[in-house]
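The block underneath contains the structure these notes are about, expressed in structure tokens.
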Amino acid sequence: MAGPAFRAAAVRVRVPATSANLGPGFDALGLSLALYDDVVVRVADSGLHIDIAGEGSETLPRDENHLLVRSLRTAFDLLGGQPRGLEIVCANRIPHGRGLGSSSAAICAGIVAARAVTIGGDSRLDDEALLELATEIEGHPDNVAACLLGGFTLSWMEAGAARAIRMEPAGSVVPVVFVPGNAVLTETARGLLPRTVPHVDAAANAGRAALLVEALTRRPELLLPATEDRLHQDYRAPAMPESAALVERLRADGIPAVISGAGPTVLALADEATADKVSRLAGDGWAANRLGLDARGASVLPLAAPGES
């Protein structure tokens with residue numbers, strides 16, 4: 001296969017934050033949230049230049065070690081070859097290390113941008129291949145599926161390949177995220193999970209995950225029981241005691257609340273009547289944000305300054 005040709009013009013990609021698990025749907029369910037990172041990528045004559053504004057601007061590497069760059073490179077290999085140089089501008093709004101899918105956003109931005117800047121990229125790397133590639137880089141498909149597809153997603157592995165379906169969440173659902181000041185590494189949170197769980201807990205989670213699909217798409221009044229979890233949140237509580245306590249307090253008040261992904265952010269699934277009240281319940285030490293539901297997923301947008309919406 002001949003090497004790829006690249007577009008002279010820059011491309012702009014927007015990727016949403018995501019919340020995985022949603023309580024019982026461990027490593028399977030994901031929700032796309034209207035909080036976005038923007039990336040502008042242009043093929044250059046030589047070198048690698050990265051400009052970062054917003055989240056991670058003081059800590060992220062500006063070289064080949066950046067997850068976005070690694071994802072770009074991996075995608076370019078599949079597309080037939082590397083460009084001579086790259087110029088990348090990132091406007092990051094998704095908090096890092098908080099369970100809102102910042103790494104999945106970087107991965108998806110990289111592979112979507114690589115495809116978009118490659119002439120004929122859509123035919124060389126279709127949407128199914130994008131999901132498989134993102135999952136290979138991330139390690140599991142729950143966040144990347146929601147980031148790529150938008151909406152409410154159910155993902156799984158089949159014969160070693162990632163698969164996902166997209167569902168439409170009920171329009172009355174209003175996500176409220178409570179973001180603490182301190183991060184928790186995903187590796188730390190996963191390290192607290194036991195190798196086995198009681199059969200009764202696994203059975204309970206299976207039922208709740210099935211109920212959650214109905215609750216989040218058609219019957220939001222069932223979200224409180226549907227978000228009950230016995231598989232991971234209690235085991236991870238020692239790494240994020242304040243988050244666990246906030247989930248317990250919100251649920252005691254009748255508010256469907258869960259740990260977002262590996263935490264420590266808390267996600268509440270409110271509605272229009274309660275969202276503003278819910279956002280005031282956490283107290284000091286939390287940044288409460290009422291968000292919309294994202295319906296588009298990763299998107300190539302008209303070129304604009306990366307800080308513009």
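Identifiers in this document derive from the order of the structure tokens: chains are assigned A, B, ..., residues are numbered from 1 separately in each chain, and ligands are numbered from 1 in order of occurrence.
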
Against range 141-152 of chain A, which residues of range 238-300 of chain A fall within 10 Å? For each one I want the closest pair of atoms and the distance in Å (one decimal), counting only C-alpha atoms, rows by chain and increasing residue number, as CSV.
residue,atom,partner,partner_atom,distance
A:Gly261,CA,A:Asn143,CA,8.3
A:Leu293,CA,A:Gly151,CA,6.9
A:Asp294,CA,A:Gly150,CA,5.8
A:Ala295,CA,A:Gly151,CA,4.8
A:Arg296,CA,A:Gly150,CA,4.9
A:Gly297,CA,A:Gly150,CA,3.7
A:Ala298,CA,A:Leu148,CA,4.8
A:Ser299,CA,A:Leu148,CA,8.1

Take the residues just selected and output them with all heavy atoms as a PDB file, in the first residue's frame.
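Written output follows (part-v1.pdb):
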ATOM      1  N   GLY A 261     -16.386   6.698  36.947  1.00  0.00           N
ATOM      2  CA  GLY A 261     -15.231   5.923  36.536  1.00  0.00           C
ATOM      3  C   GLY A 261     -14.470   5.382  37.729  1.00  0.00           C
ATOM      4  O   GLY A 261     -15.052   4.815  38.652  1.00  0.00           O
ATOM      5  N   LEU A 293     -25.841  16.565  28.480  1.00  0.00           N
ATOM      6  CA  LEU A 293     -25.516  15.289  27.874  1.00  0.00           C
ATOM      7  C   LEU A 293     -24.961  15.537  26.474  1.00  0.00           C
ATOM      8  O   LEU A 293     -25.539  16.309  25.712  1.00  0.00           O
ATOM      9  CB  LEU A 293     -26.763  14.405  27.784  1.00  0.00           C
ATOM     10  CG  LEU A 293     -27.376  13.970  29.118  1.00  0.00           C
ATOM     11  CD1 LEU A 293     -28.774  13.416  28.892  1.00  0.00           C
ATOM     12  CD2 LEU A 293     -26.497  12.937  29.806  1.00  0.00           C
ATOM     13  N   ASP A 294     -23.860  14.916  26.153  1.00  0.00           N
ATOM     14  CA  ASP A 294     -23.293  15.062  24.817  1.00  0.00           C
ATOM     15  C   ASP A 294     -23.879  14.018  23.885  1.00  0.00           C
ATOM     16  O   ASP A 294     -23.918  12.828  24.221  1.00  0.00           O
ATOM     17  CB  ASP A 294     -21.778  14.897  24.857  1.00  0.00           C
ATOM     18  CG  ASP A 294     -21.195  14.769  23.464  1.00  0.00           C
ATOM     19  OD1 ASP A 294     -21.147  15.794  22.757  1.00  0.00           O
ATOM     20  OD2 ASP A 294     -20.842  13.636  23.074  1.00  0.00           O
ATOM     21  N   ALA A 295     -24.336  14.443  22.722  1.00  0.00           N
ATOM     22  CA  ALA A 295     -24.957  13.523  21.768  1.00  0.00           C
ATOM     23  C   ALA A 295     -24.066  13.193  20.586  1.00  0.00           C
ATOM     24  O   ALA A 295     -24.355  12.249  19.850  1.00  0.00           O
ATOM     25  CB  ALA A 295     -26.274  14.128  21.254  1.00  0.00           C
ATOM     26  N   ARG A 296     -22.974  13.933  20.370  1.00  0.00           N
ATOM     27  CA  ARG A 296     -22.195  13.792  19.143  1.00  0.00           C
ATOM     28  C   ARG A 296     -20.967  12.905  19.282  1.00  0.00           C
ATOM     29  O   ARG A 296     -20.546  12.273  18.320  1.00  0.00           O
ATOM     30  CB  ARG A 296     -21.746  15.166  18.639  1.00  0.00           C
ATOM     31  CG  ARG A 296     -22.877  16.081  18.236  1.00  0.00           C
ATOM     32  CD  ARG A 296     -22.362  17.408  17.691  1.00  0.00           C
ATOM     33  NE  ARG A 296     -21.564  17.209  16.483  1.00  0.00           N
ATOM     34  CZ  ARG A 296     -20.998  18.208  15.802  1.00  0.00           C
ATOM     35  NH1 ARG A 296     -21.123  19.455  16.235  1.00  0.00           N
ATOM     36  NH2 ARG A 296     -20.298  17.965  14.721  1.00  0.00           N
ATOM     37  N   GLY A 297     -20.366  12.876  20.449  1.00  0.00           N
ATOM     38  CA  GLY A 297     -19.108  12.172  20.581  1.00  0.00           C
ATOM     39  C   GLY A 297     -17.983  12.936  19.916  1.00  0.00           C
ATOM     40  O   GLY A 297     -18.088  14.135  19.647  1.00  0.00           O
ATOM     41  N   ALA A 298     -16.894  12.246  19.625  1.00  0.00           N
ATOM     42  CA  ALA A 298     -15.741  12.882  18.993  1.00  0.00           C
ATOM     43  C   ALA A 298     -16.118  13.414  17.629  1.00  0.00           C
ATOM     44  O   ALA A 298     -16.688  12.691  16.811  1.00  0.00           O
ATOM     45  CB  ALA A 298     -14.599  11.878  18.881  1.00  0.00           C
ATOM     46  N   SER A 299     -15.801  14.681  17.380  1.00  0.00           N
ATOM     47  CA  SER A 299     -16.259  15.341  16.156  1.00  0.00           C
ATOM     48  C   SER A 299     -15.151  16.169  15.537  1.00  0.00           C
ATOM     49  O   SER A 299     -14.358  16.797  16.247  1.00  0.00           O
ATOM     50  CB  SER A 299     -17.447  16.272  16.468  1.00  0.00           C
ATOM     51  OG  SER A 299     -18.506  15.569  17.093  1.00  0.00           O
TER      52      SER A 299
END

Q | Polymer residues at most 8 Å from range 69-78 of chain A, only C-alpha atoms, same-chain spacing of 6 or more positions, as a PyMOL selection string | A | chain A and resi 63+106-108+110-111+113-115+124-125+133+137

Q: Measure the distance from CA of Val278 in chain A to CA of Gly171 in chain A in Å and round it to one decimal.
A: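 CA of Gly171 in chain A lies at a distance of 17.8 Å from CA of Val278 in chain A.
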
Report the closest atom pair, with its distance in Å rounded to one decimal, for each residue of range 1-110 of chain A that has an atom no farther than 10 Å from range 211-234 of chain A; count only C-alpha atoms, sort by chain and then rising residue number, and write it as a tab-separated table.
residue	atom	partner	partner_atom	distance
A:Asn21	CA	A:Thr227	CA	9.4
A:Leu22	CA	A:Thr227	CA	6.5
A:Gly23	CA	A:Thr227	CA	4.8
A:Pro24	CA	A:Asp229	CA	4.6
A:Gly25	CA	A:Leu212	CA	8.1
A:Phe26	CA	A:Leu231	CA	7.6
A:Leu29	CA	A:Val213	CA	8.8
A:Leu31	CA	A:Leu216	CA	9.8

Output the selection as an mmCIF file, in the first residue's frame - N, CA and C atoms for each residue.
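Saved to result_2.cif:
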data_model
loop_
_atom_site.group_PDB
_atom_site.id
_atom_site.type_symbol
_atom_site.label_atom_id
_atom_site.label_comp_id
_atom_site.auth_asym_id
_atom_site.auth_seq_id
_atom_site.Cartn_x
_atom_site.Cartn_y
_atom_site.Cartn_z
ATOM 1 N N ASN A 21 -18.880 3.213 34.086
ATOM 2 C CA ASN A 21 -19.435 2.353 35.138
ATOM 3 C C ASN A 21 -20.861 2.750 35.523
ATOM 4 N N LEU A 22 -21.058 4.028 35.919
ATOM 5 C CA LEU A 22 -22.395 4.518 36.289
ATOM 6 C C LEU A 22 -23.012 3.676 37.392
ATOM 7 N N GLY A 23 -22.161 3.202 38.298
ATOM 8 C CA GLY A 23 -22.629 2.330 39.371
ATOM 9 C C GLY A 23 -22.366 0.883 39.009
ATOM 10 N N PRO A 24 -23.383 0.140 38.603
ATOM 11 C CA PRO A 24 -23.231 -1.307 38.414
ATOM 12 C C PRO A 24 -22.610 -1.729 37.090
ATOM 13 N N GLY A 25 -22.500 -0.838 36.112
ATOM 14 C CA GLY A 25 -22.055 -1.230 34.771
ATOM 15 C C GLY A 25 -20.551 -1.229 34.629
ATOM 16 N N PHE A 26 -19.860 -1.945 35.488
ATOM 17 C CA PHE A 26 -18.399 -1.893 35.570
ATOM 18 C C PHE A 26 -17.755 -2.302 34.250
ATOM 19 N N LEU A 29 -20.575 0.222 30.819
ATOM 20 C CA LEU A 29 -21.469 1.336 30.525
ATOM 21 C C LEU A 29 -20.727 2.660 30.595
ATOM 22 N N LEU A 31 -21.226 7.173 29.729
ATOM 23 C CA LEU A 31 -22.091 8.306 29.426
ATOM 24 C C LEU A 31 -21.223 9.467 28.965
#

Considering only C-alpha atoms, return as an mmCIF file with N, CA and C atoms, in the first residue's frame whatever protein or nucleic-acid residues lie within 10 Å of Ala129 in chain A, sequence-local ones (same chain, fewer than 6 positions apart) excluded.
data_model
loop_
_atom_site.group_PDB
_atom_site.id
_atom_site.type_symbol
_atom_site.label_atom_id
_atom_site.label_comp_id
_atom_site.auth_asym_id
_atom_site.auth_seq_id
_atom_site.Cartn_x
_atom_site.Cartn_y
_atom_site.Cartn_z
ATOM 1 N N LEU A 78 -1.184 2.795 11.293
ATOM 2 C CA LEU A 78 -2.248 2.011 10.665
ATOM 3 C C LEU A 78 -2.727 2.646 9.365
ATOM 4 N N THR A 135 -9.520 1.218 22.070
ATOM 5 C CA THR A 135 -9.565 0.233 23.150
ATOM 6 C C THR A 135 -8.206 -0.405 23.368
ATOM 7 N N ALA A 161 -12.076 -8.444 20.122
ATOM 8 C CA ALA A 161 -12.346 -7.150 19.478
ATOM 9 C C ALA A 161 -13.371 -6.362 20.289
ATOM 10 N N ALA A 162 -13.194 -5.049 20.311
ATOM 11 C CA ALA A 162 -14.116 -4.176 21.034
ATOM 12 C C ALA A 162 -15.381 -3.962 20.215
#

Q) Which is closest to Gly54 in chain A among A:Thr186, A:Arg93, A:Asp27, A:Ala203, if we use only C-alpha atoms? A)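 Ranked by minimum distance to Gly54 in chain A, first place goes to A:Arg93.
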
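Put simply, CA of Ala17 in chain A is 8.4 Å away from CA of Ser104 in chain A.
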
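When CA of Ala189 in chain A is paired with CA of Pro241 in chain A, their separation reads 12.1 Å.
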
Q | Minimum-distance residue to Ala109 in chain A, chosen among A:Ala164, A:Leu68, A:Ile52, A:Ile94 (using only C-alpha atoms) | A | A:Leu68

Q. What residues in range 227-269 of chain A get the DSSP label strand (DSSP E or B)? Please answer as number ranges by chain.
A. A: 257-259, 266-269

Q | Residue contacts of Thr265 in chain A (7 Å, only C-alpha atoms) excluding same-chain residues fewer than 3 positions away, as number ranges by chain | A | A: 98-99, 177-180, 243, 259-260

Q: Go through A:Ala282, A:Val41, A:Ala262, A:Ala170 and flag the residue nearest Val247 in chain A, using only C-alpha atoms for the distances.
A: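 Smallest distance to Val247 in chain A is found for A:Ala282.
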